[in-house]
Every structure is written in structure tokens, then in C-alpha cells.
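Notes follow the structure.
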Amino acid sequence: MATLPPLVSAAELLTASGDSDLRILDASWHLDGTRARPIFEAGHVPGAVFFELEAISDRDDPLPHMMPSADQFGEQAGRLGVSETDRIVVYDTFGLFTAARAWWMFRAMGCDRVQVLDGGLPAWKRMGGSLETGPASPRPAVFTADPRPDMIADVARVRAALDAGEPVLDARAAVRFAGSAPEPRPGLRAGHMPGAVNLPFGELLTAEGLMRDPEALEAAFAARGLGPADRPITSCGSGVTAAVTLLALALLGREGVLYDGSWAEWGGRDDTEVATGP
């Protein structure tokens with residue numbers, strides 16, 4: 001099946017509503033611990049089901065929401081009523097924040113027909129889309145994963161890239177990258193990987209939470225020294241907003257690799273170096 005564009009607008013989703021192969025997922029998650037499911041049940045895109053980021057993760061890894069095994073992902077996606085052949089649209093309640101992580105997870109599990117709703121639930125509301133309340137009751141499906149391990153970087157791969165001078169982009173806010181603000185997770189050092197470059201994910205978005213136009217995205221990457229042939233590793237606090245960077249690259253027809261452990265791993269190890277400053 002043909003790969004779909006990475007983004008879908010609220011107007012396009014409204015037009016597609018009711019298509020038999022359309023599966024809509026709310027992948028909202030809150031860094032401060034606020035439970036997203038009750039917010040989903042208070043109002044969501046009609047037909048959507050809740051994609052719980054923490055639950056659909058490696059149960060045996062102490063790091064937050066790490067990629068699960070193919071079997072676990074397939075089982076849980078099937079419970080959500082999703083097949084790998086469906087058209088999958090993911091959104092979040094912020095605009096464009098955590099939905100990119102779910103998009104990347106499906107891509108890393110072999111799906112090409114997965115998209116992010118540009119602007120998320122706020123854009124849907126602005127378009128005049130209706131809301132549905134209450135819990136979802138999806139009909140179970142069979143999801144067969146086909147993992148793409150080359151899309152995921154571990155700490156060894158990140159070290160090798162840094163040693164080779166290959167691009168590693170950190171999507172955290174500038175103050176966290178510089179080490180001038182504490183990390184939100186206890187026990188982590190402040191700062192960044194020596195050799196990494198800061199590109200806060202918010203610089204890729206408009207004030208309304210929409211992805212910026214291709215020219216602006218190209219300029220943002222070029223300002224960090226990236227050329228069209230580069231395939232950077234992206235990182236962030238815990239592997240969530242690093243996927244926004246990958247989504248922006250995909251819009252430009254380019255690829256990248258996500259460091260799944262991100263700063264939650266690097267900043268918590270005693271065998272990794274940390275730099276501070278811009």
C-alpha cells in the first residue's frame with residue numbers, strides 16, 4: 001500500500017470521517033502526570049479510541065514509555081481495533097505534541113498508512129468538528145507488526161554517531177539543553193550530550209500548534225548545519241517530542257532515527273558525559 005503524507009488537516013479528516021478503513025487514535029499524554037484518559041472521555045473526535053502511551057510500552061524497562069516488543073505492540077494495537085492495513089490518524093489534545101510519538105511507533109512497527117492530525121484536537125474544534133464523549137469500545141482487530149529496527153537508536157548508536165561527528169538533534173527547550181534549568185525527572189543531570197545540537201521542537205510549530213511550512217522547516221534544519229542528505233538522530237527528554245523532529249523531517253521527504261532512551265537514559269547513567277551551556 002502507498003505511504004500516506006505524514007500530516008492530515010482537520011478539513012481533510014472531516015471529509016474522511018466515516019471511511020471504513022479509518023482508525024482515529026487520541027495519543028495524548030501529560031508530562032506532569034495528569035491523566036489523559038478522563039480528558040479523552042470528556043470529549044474526543046468521533047470514533048476515536050485512546051492510545052495510552054505508558055501502557056503501550058516495554059513493561060520490563062525502567063525507563064519511561066520505551067518501545068514495546070513487536071508482539072506486545074501488535075496485541076495492544078489489535079485491542080484498539082487497529083490493523084496494520086488501516087488508515088491510522090493520530091492526534092493529541094495539545095495541538096502537536098505526543099501524537100508524533102505514536103505516529104513514529106506505528107512507523108517503526110511497519111505501518112506506512114499512519115498520519116498525524118495537524119493541530120490536533122484544537123484544530124478539529126476550530127474546523128467545527130463535533131465531539132463524542134464517554135469511553136470507546138473498539139471492535140478487536142489483528143495487527144501484524146513488521147519492525148524496522150533501523151528507526152530506533154540505543155545509547156551505543158548515539159555514542160558512535162557523536163564520536164563520528166554525525167548530527168544528533170536535541171528537541172528539549174534551550175534552558176534544559178544548556179543545563180540552566182533542572183530536569184523534570186528526579187535523578188537526572190542537567191545539560192546535554194557533548195556534540196549534540198539543540199533544536200527545540202516548539203520552533204517547528206506555529207503558535208496554533210500546527211507544523212510550520214516546509215520553507216521554515218528547511219531553514220530551521222539548515223541553521224543547525226543539516227543538509228538534505230543527513231539522517232540525524234533525534235533526542236529529547238524521554239523520546240516523545242523527538243518524534244516531532246522526525247515528523248518535520250518526513251514532511252521534507254527526509255528521514256531520521258529516534259533515540260528511544262533520550263535524556264531519561266543518558267542523563268541518568270554514570271558512564272555518559274554531559275556538557276552545559278548553549
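Labels for the C-alpha cells follow display order: chains A, B, ..., residues from 1 in each chain, ligands from 1.
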Residues within 10 Å of Ile39 (chain A), only C-alpha atoms, excluding chain neighbours under 6 positions, as a PDB file with N, CA, C and O atoms, in the first residue's frame:
ATOM      1  N   SER A  28      -2.810  11.428  23.556  1.00  0.00           N
ATOM      2  CA  SER A  28      -2.421  12.476  24.497  1.00  0.00           C
ATOM      3  C   SER A  28      -1.738  11.880  25.728  1.00  0.00           C
ATOM      4  O   SER A  28      -2.094  10.796  26.205  1.00  0.00           O
ATOM      5  N   THR A  93      -4.438  16.357  22.379  1.00  0.00           N
ATOM      6  CA  THR A  93      -5.274  17.487  22.795  1.00  0.00           C
ATOM      7  C   THR A  93      -4.509  18.798  22.850  1.00  0.00           C
ATOM      8  O   THR A  93      -5.104  19.845  23.079  1.00  0.00           O
ATOM      9  N   THR A 133     -18.359  11.868  23.573  1.00  0.00           N
ATOM     10  CA  THR A 133     -17.959  11.702  24.969  1.00  0.00           C
ATOM     11  C   THR A 133     -18.071  10.238  25.382  1.00  0.00           C
ATOM     12  O   THR A 133     -18.685   9.421  24.691  1.00  0.00           O
ATOM     13  N   GLY A 134     -17.452   9.952  26.513  1.00  0.00           N
ATOM     14  CA  GLY A 134     -17.508   8.605  27.062  1.00  0.00           C
ATOM     15  C   GLY A 134     -16.357   7.735  26.589  1.00  0.00           C
ATOM     16  O   GLY A 134     -15.575   8.118  25.721  1.00  0.00           O
TER      17      GLY A 134
END
Contacts of region 78-183 of chain A with region 258-267 of chain A up to 10 Å, shortest pair per row, only C-alpha atoms, as a tab-separated table:
residue	atom	partner	partner_atom	distance
A:Arg101	CA	A:Leu258	CA	9.8
A:Trp104	CA	A:Leu258	CA	8.7
A:Ala108	CA	A:Leu258	CA	9.8
A:Asp150	CA	A:Leu258	CA	9.4
A:Met151	CA	A:Leu258	CA	6.4
A:Ile152	CA	A:Leu258	CA	5.2
A:Ala153	CA	A:Tyr259	CA	4.5
A:Asp154	CA	A:Tyr259	CA	5.9
A:Val155	CA	A:Trp266	CA	7.4
A:Arg157	CA	A:Tyr259	CA	8.6
A:Val158	CA	A:Tyr259	CA	7.3
A:Val168	CA	A:Tyr259	CA	9.2
A:Leu169	CA	A:Leu258	CA	9.7
A:Asp170	CA	A:Ser262	CA	8.7
A:Ala171	CA	A:Ser262	CA	9.9
A:Arg172	CA	A:Trp263	CA	9.2
A:Phe177	CA	A:Trp263	CA	9.9
A:Glu183	CA	A:Gly267	CA	9.2
Fill in: Residues within 10 Å of Pro278 (chain A), only C-alpha atoms, excluding chain neighbours under 2 positions, as a ChimeraX atom specification
/A:174-180,191-192,197-198,275-276
Prev. selection, all heavy atoms, output as a short mmCIF file (atom, residue, chain, number, x, y, z; two decimals), in the first residue's frame:
data_model
loop_
_atom_site.label_atom_id
_atom_site.label_comp_id
_atom_site.auth_asym_id
_atom_site.auth_seq_id
_atom_site.Cartn_x
_atom_site.Cartn_y
_atom_site.Cartn_z
N ALA A 174 15.67 25.17 25.23
CA ALA A 174 17.05 25.64 25.29
C ALA A 174 17.60 25.68 26.71
O ALA A 174 18.78 25.37 26.93
CB ALA A 174 17.14 27.03 24.64
N VAL A 175 16.77 26.01 27.69
CA VAL A 175 17.26 26.10 29.07
C VAL A 175 17.61 24.72 29.63
O VAL A 175 18.54 24.58 30.43
CB VAL A 175 16.25 26.80 29.99
CG1 VAL A 175 16.16 28.28 29.65
CG2 VAL A 175 14.86 26.14 29.90
N ARG A 176 16.88 23.71 29.20
CA ARG A 176 17.22 22.35 29.64
C ARG A 176 18.47 21.85 28.92
O ARG A 176 19.33 21.20 29.52
CB ARG A 176 16.04 21.40 29.40
CG ARG A 176 14.87 21.63 30.33
CD ARG A 176 13.69 20.73 29.99
NE ARG A 176 14.00 19.33 30.14
CZ ARG A 176 13.19 18.35 29.72
NH1 ARG A 176 12.04 18.65 29.11
NH2 ARG A 176 13.52 17.09 29.91
N PHE A 177 18.57 22.15 27.64
CA PHE A 177 19.76 21.76 26.88
C PHE A 177 21.01 22.39 27.49
O PHE A 177 22.05 21.74 27.62
CB PHE A 177 19.60 22.20 25.42
CG PHE A 177 20.74 21.85 24.52
CD1 PHE A 177 20.81 20.60 23.91
CD2 PHE A 177 21.77 22.76 24.27
CE1 PHE A 177 21.87 20.28 23.06
CE2 PHE A 177 22.82 22.45 23.43
CZ PHE A 177 22.87 21.20 22.82
N ALA A 178 20.92 23.66 27.86
CA ALA A 178 22.06 24.37 28.41
C ALA A 178 22.38 23.95 29.84
O ALA A 178 23.47 24.23 30.35
CB ALA A 178 21.82 25.88 28.36
N GLY A 179 21.44 23.28 30.50
CA GLY A 179 21.64 22.89 31.88
C GLY A 179 21.35 23.99 32.87
O GLY A 179 21.68 23.87 34.05
N SER A 180 20.70 25.07 32.42
CA SER A 180 20.37 26.19 33.31
C SER A 180 19.01 26.02 33.97
O SER A 180 18.61 26.86 34.79
CB SER A 180 20.42 27.50 32.53
OG SER A 180 19.55 27.48 31.41
N GLY A 191 21.91 19.36 31.43
CA GLY A 191 22.85 19.59 30.34
C GLY A 191 22.48 18.80 29.11
O GLY A 191 21.30 18.47 28.90
N HIS A 192 23.49 18.49 28.29
CA HIS A 192 23.23 17.79 27.03
C HIS A 192 24.40 16.89 26.66
O HIS A 192 25.47 16.96 27.28
CB HIS A 192 22.96 18.80 25.91
CG HIS A 192 24.10 19.75 25.66
ND1 HIS A 192 24.20 20.97 26.29
CD2 HIS A 192 25.20 19.67 24.85
CE1 HIS A 192 25.29 21.60 25.88
NE2 HIS A 192 25.93 20.82 25.00
N VAL A 197 23.18 19.04 19.06
CA VAL A 197 22.75 20.38 18.67
C VAL A 197 21.30 20.56 19.12
O VAL A 197 20.48 19.65 18.98
CB VAL A 197 22.86 20.57 17.14
CG1 VAL A 197 22.31 21.93 16.72
CG2 VAL A 197 24.31 20.42 16.69
N ASN A 198 21.01 21.73 19.65
CA ASN A 198 19.66 21.99 20.16
C ASN A 198 18.74 22.53 19.07
O ASN A 198 19.05 23.50 18.39
CB ASN A 198 19.75 23.01 21.30
CG ASN A 198 18.45 23.17 22.07
OD1 ASN A 198 18.18 24.24 22.59
ND2 ASN A 198 17.67 22.13 22.20
N ALA A 275 27.54 17.89 28.88
CA ALA A 275 28.04 19.24 28.68
C ALA A 275 26.96 20.23 29.08
O ALA A 275 25.77 19.92 29.09
CB ALA A 275 28.43 19.45 27.21
N THR A 276 27.36 21.45 29.42
CA THR A 276 26.42 22.51 29.74
C THR A 276 26.73 23.71 28.87
O THR A 276 27.77 23.79 28.23
CB THR A 276 26.48 22.90 31.22
OG1 THR A 276 27.83 23.28 31.56
CG2 THR A 276 26.05 21.74 32.12
#
Fill in: Using only C-alpha atoms: which of A:Asp270, A:Asp112, A:Glu255, A:Asp146 has the shortest distance to Leu188 (chain A)
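Going through A:Asp270, A:Asp112, A:Glu255, A:Asp146 one by one, the smallest distance to Leu188 (chain A) is for A:Asp270.
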Worksheet item: With only C-alpha atoms as the basis for distance, which of A:Gly268, A:Gly120, A:Pro140, A:Pro186 is at the shortest distance from Glu75 (chain A)?
Response: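 Counting only C-alpha atoms, the residue closest to Glu75 (chain A) is A:Pro140.
Of the residues under consideration (A:Glu208, A:Glu218, A:Asp118, A:Glu52), A:Glu52 shows the shortest atom-to-atom contact distance to Ala27 (chain A) when counting only C-alpha atoms.
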Worksheet item: DSSP says strand (DSSP E) for which residues of region 19-219 of chain A? Put them as a list in words?
Response: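 The strand (DSSP E) subset of region 19-219 of chain A is Leu22, Arg23, Ile24, Leu25, Asp26, Val49, Phe50, Arg87, Ile88, Val89, Val90, Tyr91, Val114, Gln115, Val116, Leu117, Ile152, Ala153, Val168, Leu169, Asp170, Val197 and Asn198 of chain A.
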Excluding Gln115 (chain A) and its own-chain neighbours fewer than 5 positions away, which residues fall within 10 Å of it when counting only C-alpha atoms? Please give them as a PDB file with N, CA and C atoms, in the first residue's frame.
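And here is the file that came out, out.pdb:
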ATOM      1  N   THR A   3       2.445   4.832   0.830  1.00  0.00           N
ATOM      2  CA  THR A   3       2.656   5.622   2.029  1.00  0.00           C
ATOM      3  C   THR A   3       1.823   6.895   1.946  1.00  0.00           C
ATOM      4  N   LEU A   4       1.168   7.258   3.046  1.00  0.00           N
ATOM      5  CA  LEU A   4       0.369   8.478   3.092  1.00  0.00           C
ATOM      6  C   LEU A   4       1.231   9.647   3.537  1.00  0.00           C
ATOM      7  N   PRO A   5       0.847  10.884   3.202  1.00  0.00           N
ATOM      8  CA  PRO A   5       1.569  12.048   3.719  1.00  0.00           C
ATOM      9  C   PRO A   5       1.576  12.017   5.249  1.00  0.00           C
ATOM     10  N   PRO A   6       2.625  12.509   5.888  1.00  0.00           N
ATOM     11  CA  PRO A   6       2.718  12.414   7.350  1.00  0.00           C
ATOM     12  C   PRO A   6       1.633  13.183   8.091  1.00  0.00           C
ATOM     13  N   LEU A   7       1.146  14.263   7.502  1.00  0.00           N
ATOM     14  CA  LEU A   7       0.139  15.095   8.152  1.00  0.00           C
ATOM     15  C   LEU A   7      -1.189  15.051   7.403  1.00  0.00           C
ATOM     16  N   VAL A   8      -2.263  15.199   8.165  1.00  0.00           N
ATOM     17  CA  VAL A   8      -3.585  15.374   7.574  1.00  0.00           C
ATOM     18  C   VAL A   8      -4.221  16.581   8.260  1.00  0.00           C
ATOM     19  N   SER A   9      -4.882  17.426   7.500  1.00  0.00           N
ATOM     20  CA  SER A   9      -5.515  18.605   8.085  1.00  0.00           C
ATOM     21  C   SER A   9      -6.856  18.232   8.701  1.00  0.00           C
ATOM     22  N   ILE A  24      -8.988   6.320  14.175  1.00  0.00           N
ATOM     23  CA  ILE A  24      -8.513   7.558  14.796  1.00  0.00           C
ATOM     24  C   ILE A  24      -8.090   7.262  16.236  1.00  0.00           C
ATOM     25  N   ARG A  87      -6.025   2.863   7.581  1.00  0.00           N
ATOM     26  CA  ARG A  87      -5.527   4.241   7.579  1.00  0.00           C
ATOM     27  C   ARG A  87      -5.636   4.757   9.009  1.00  0.00           C
ATOM     28  N   ILE A  88      -4.505   5.066   9.618  1.00  0.00           N
ATOM     29  CA  ILE A  88      -4.457   5.453  11.022  1.00  0.00           C
ATOM     30  C   ILE A  88      -4.167   6.945  11.117  1.00  0.00           C
ATOM     31  N   VAL A  89      -4.998   7.659  11.863  1.00  0.00           N
ATOM     32  CA  VAL A  89      -4.766   9.078  12.127  1.00  0.00           C
ATOM     33  C   VAL A  89      -4.645   9.262  13.635  1.00  0.00           C
ATOM     34  N   VAL A  90      -3.540   9.872  14.049  1.00  0.00           N
ATOM     35  CA  VAL A  90      -3.253  10.073  15.468  1.00  0.00           C
ATOM     36  C   VAL A  90      -3.312  11.565  15.781  1.00  0.00           C
ATOM     37  N   TYR A  91      -3.873  11.899  16.935  1.00  0.00           N
ATOM     38  CA  TYR A  91      -3.894  13.303  17.346  1.00  0.00           C
ATOM     39  C   TYR A  91      -3.662  13.389  18.850  1.00  0.00           C
ATOM     40  N   ALA A  99       1.276  13.171  19.800  1.00  0.00           N
ATOM     41  CA  ALA A  99       0.773  12.369  18.676  1.00  0.00           C
ATOM     42  C   ALA A  99       1.910  11.897  17.780  1.00  0.00           C
ATOM     43  N   ALA A 100       2.958  12.708  17.658  1.00  0.00           N
ATOM     44  CA  ALA A 100       4.083  12.325  16.801  1.00  0.00           C
ATOM     45  C   ALA A 100       4.770  11.072  17.325  1.00  0.00           C
ATOM     46  N   ALA A 102       3.304   8.485  18.842  1.00  0.00           N
ATOM     47  CA  ALA A 102       2.507   7.347  18.399  1.00  0.00           C
ATOM     48  C   ALA A 102       2.680   7.110  16.905  1.00  0.00           C
ATOM     49  N   TRP A 103       2.715   8.201  16.121  1.00  0.00           N
ATOM     50  CA  TRP A 103       2.970   8.082  14.676  1.00  0.00           C
ATOM     51  C   TRP A 103       4.279   7.346  14.430  1.00  0.00           C
ATOM     52  N   TRP A 104       5.327   7.762  15.136  1.00  0.00           N
ATOM     53  CA  TRP A 104       6.629   7.119  14.954  1.00  0.00           C
ATOM     54  C   TRP A 104       6.587   5.643  15.373  1.00  0.00           C
ATOM     55  N   PHE A 106       4.062   3.534  15.243  1.00  0.00           N
ATOM     56  CA  PHE A 106       3.429   2.760  14.163  1.00  0.00           C
ATOM     57  C   PHE A 106       4.361   2.629  12.963  1.00  0.00           C
ATOM     58  N   ARG A 107       5.058   3.710  12.628  1.00  0.00           N
ATOM     59  CA  ARG A 107       6.015   3.641  11.523  1.00  0.00           C
ATOM     60  C   ARG A 107       7.119   2.628  11.826  1.00  0.00           C
ATOM     61  N   LEU A 247       8.883  13.943  12.450  1.00  0.00           N
ATOM     62  CA  LEU A 247       7.699  14.271  11.645  1.00  0.00           C
ATOM     63  C   LEU A 247       8.005  15.433  10.702  1.00  0.00           C
TER      64      LEU A 247
END
Practice prompt. Have a look at CA of Glu273 (chain A) and CA of Ala160 (chain A) and let me know their distance in Å, one decimal.
Written response: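 If I compute the distance from CA of Glu273 (chain A) to CA of Ala160 (chain A), I get 13.4 Å.
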Discussion item. Just checking: using only C-alpha atoms, which residue out of A:Ala141, A:Ile56, A:Ala16, A:Leu252 ends up closest to Ala219 (chain A)?
Written reply: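 That would be A:Leu252, the residue with the smallest distance to Ala219 (chain A).
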Item to complete: Pick out each residue of region 8-78 of chain A that DSSP on the backbone tags as alpha helix (DSSP H); I need them as a list in words.
Response: Ala10, Ala11, Glu12, Leu13, Leu14, Thr15, Ala16, Ala36, Arg37, Pro38, Ile39, Phe40, Glu41, Ala42, Ala70, Asp71, Gln72, Phe73, Gly74, Glu75, Gln76, Ala77 and Gly78 of chain A
Discussion item. When you look at Ala248 (chain A) with a cut-off of 12 Å (counting only C-alpha atoms), what residues show up, excluding the ones that are within fewer than 4 positions of it in the same chain? I need them as a PyMOL selection string.
Written reply: chain A and resi 5-7+96+100+104+116+118+171+199+201-205+210-221+234+241-244+252-256
Worksheet item: CA of His44 (chain A) to CA of Ser83 (chain A): how many Å, to one decimal?
Response: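 Distance reported for this atom pair: 21.0 Å.
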Worksheet item: Using only C-alpha atoms, which of the listed residues (A:Val49, A:Ser17, A:Asp26, A:Pro228) sits closest to Leu121 (chain A)?
Response: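 Closest residue, counting only C-alpha atoms: A:Asp26.
Each of A:Thr85, A:Ser57, A:Ser20, A:Ser130 was checked against Phe143 (chain A) using only C-alpha atoms; the smallest atom-to-atom distance is that of A:Thr85.
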Item to complete: Kindly give the distance, in Å, that separates CA of Asp271 (chain A) and CA of Pro194 (chain A), rounded to a single decimal.
Response: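 Those two atoms sit 13.2 Å apart.
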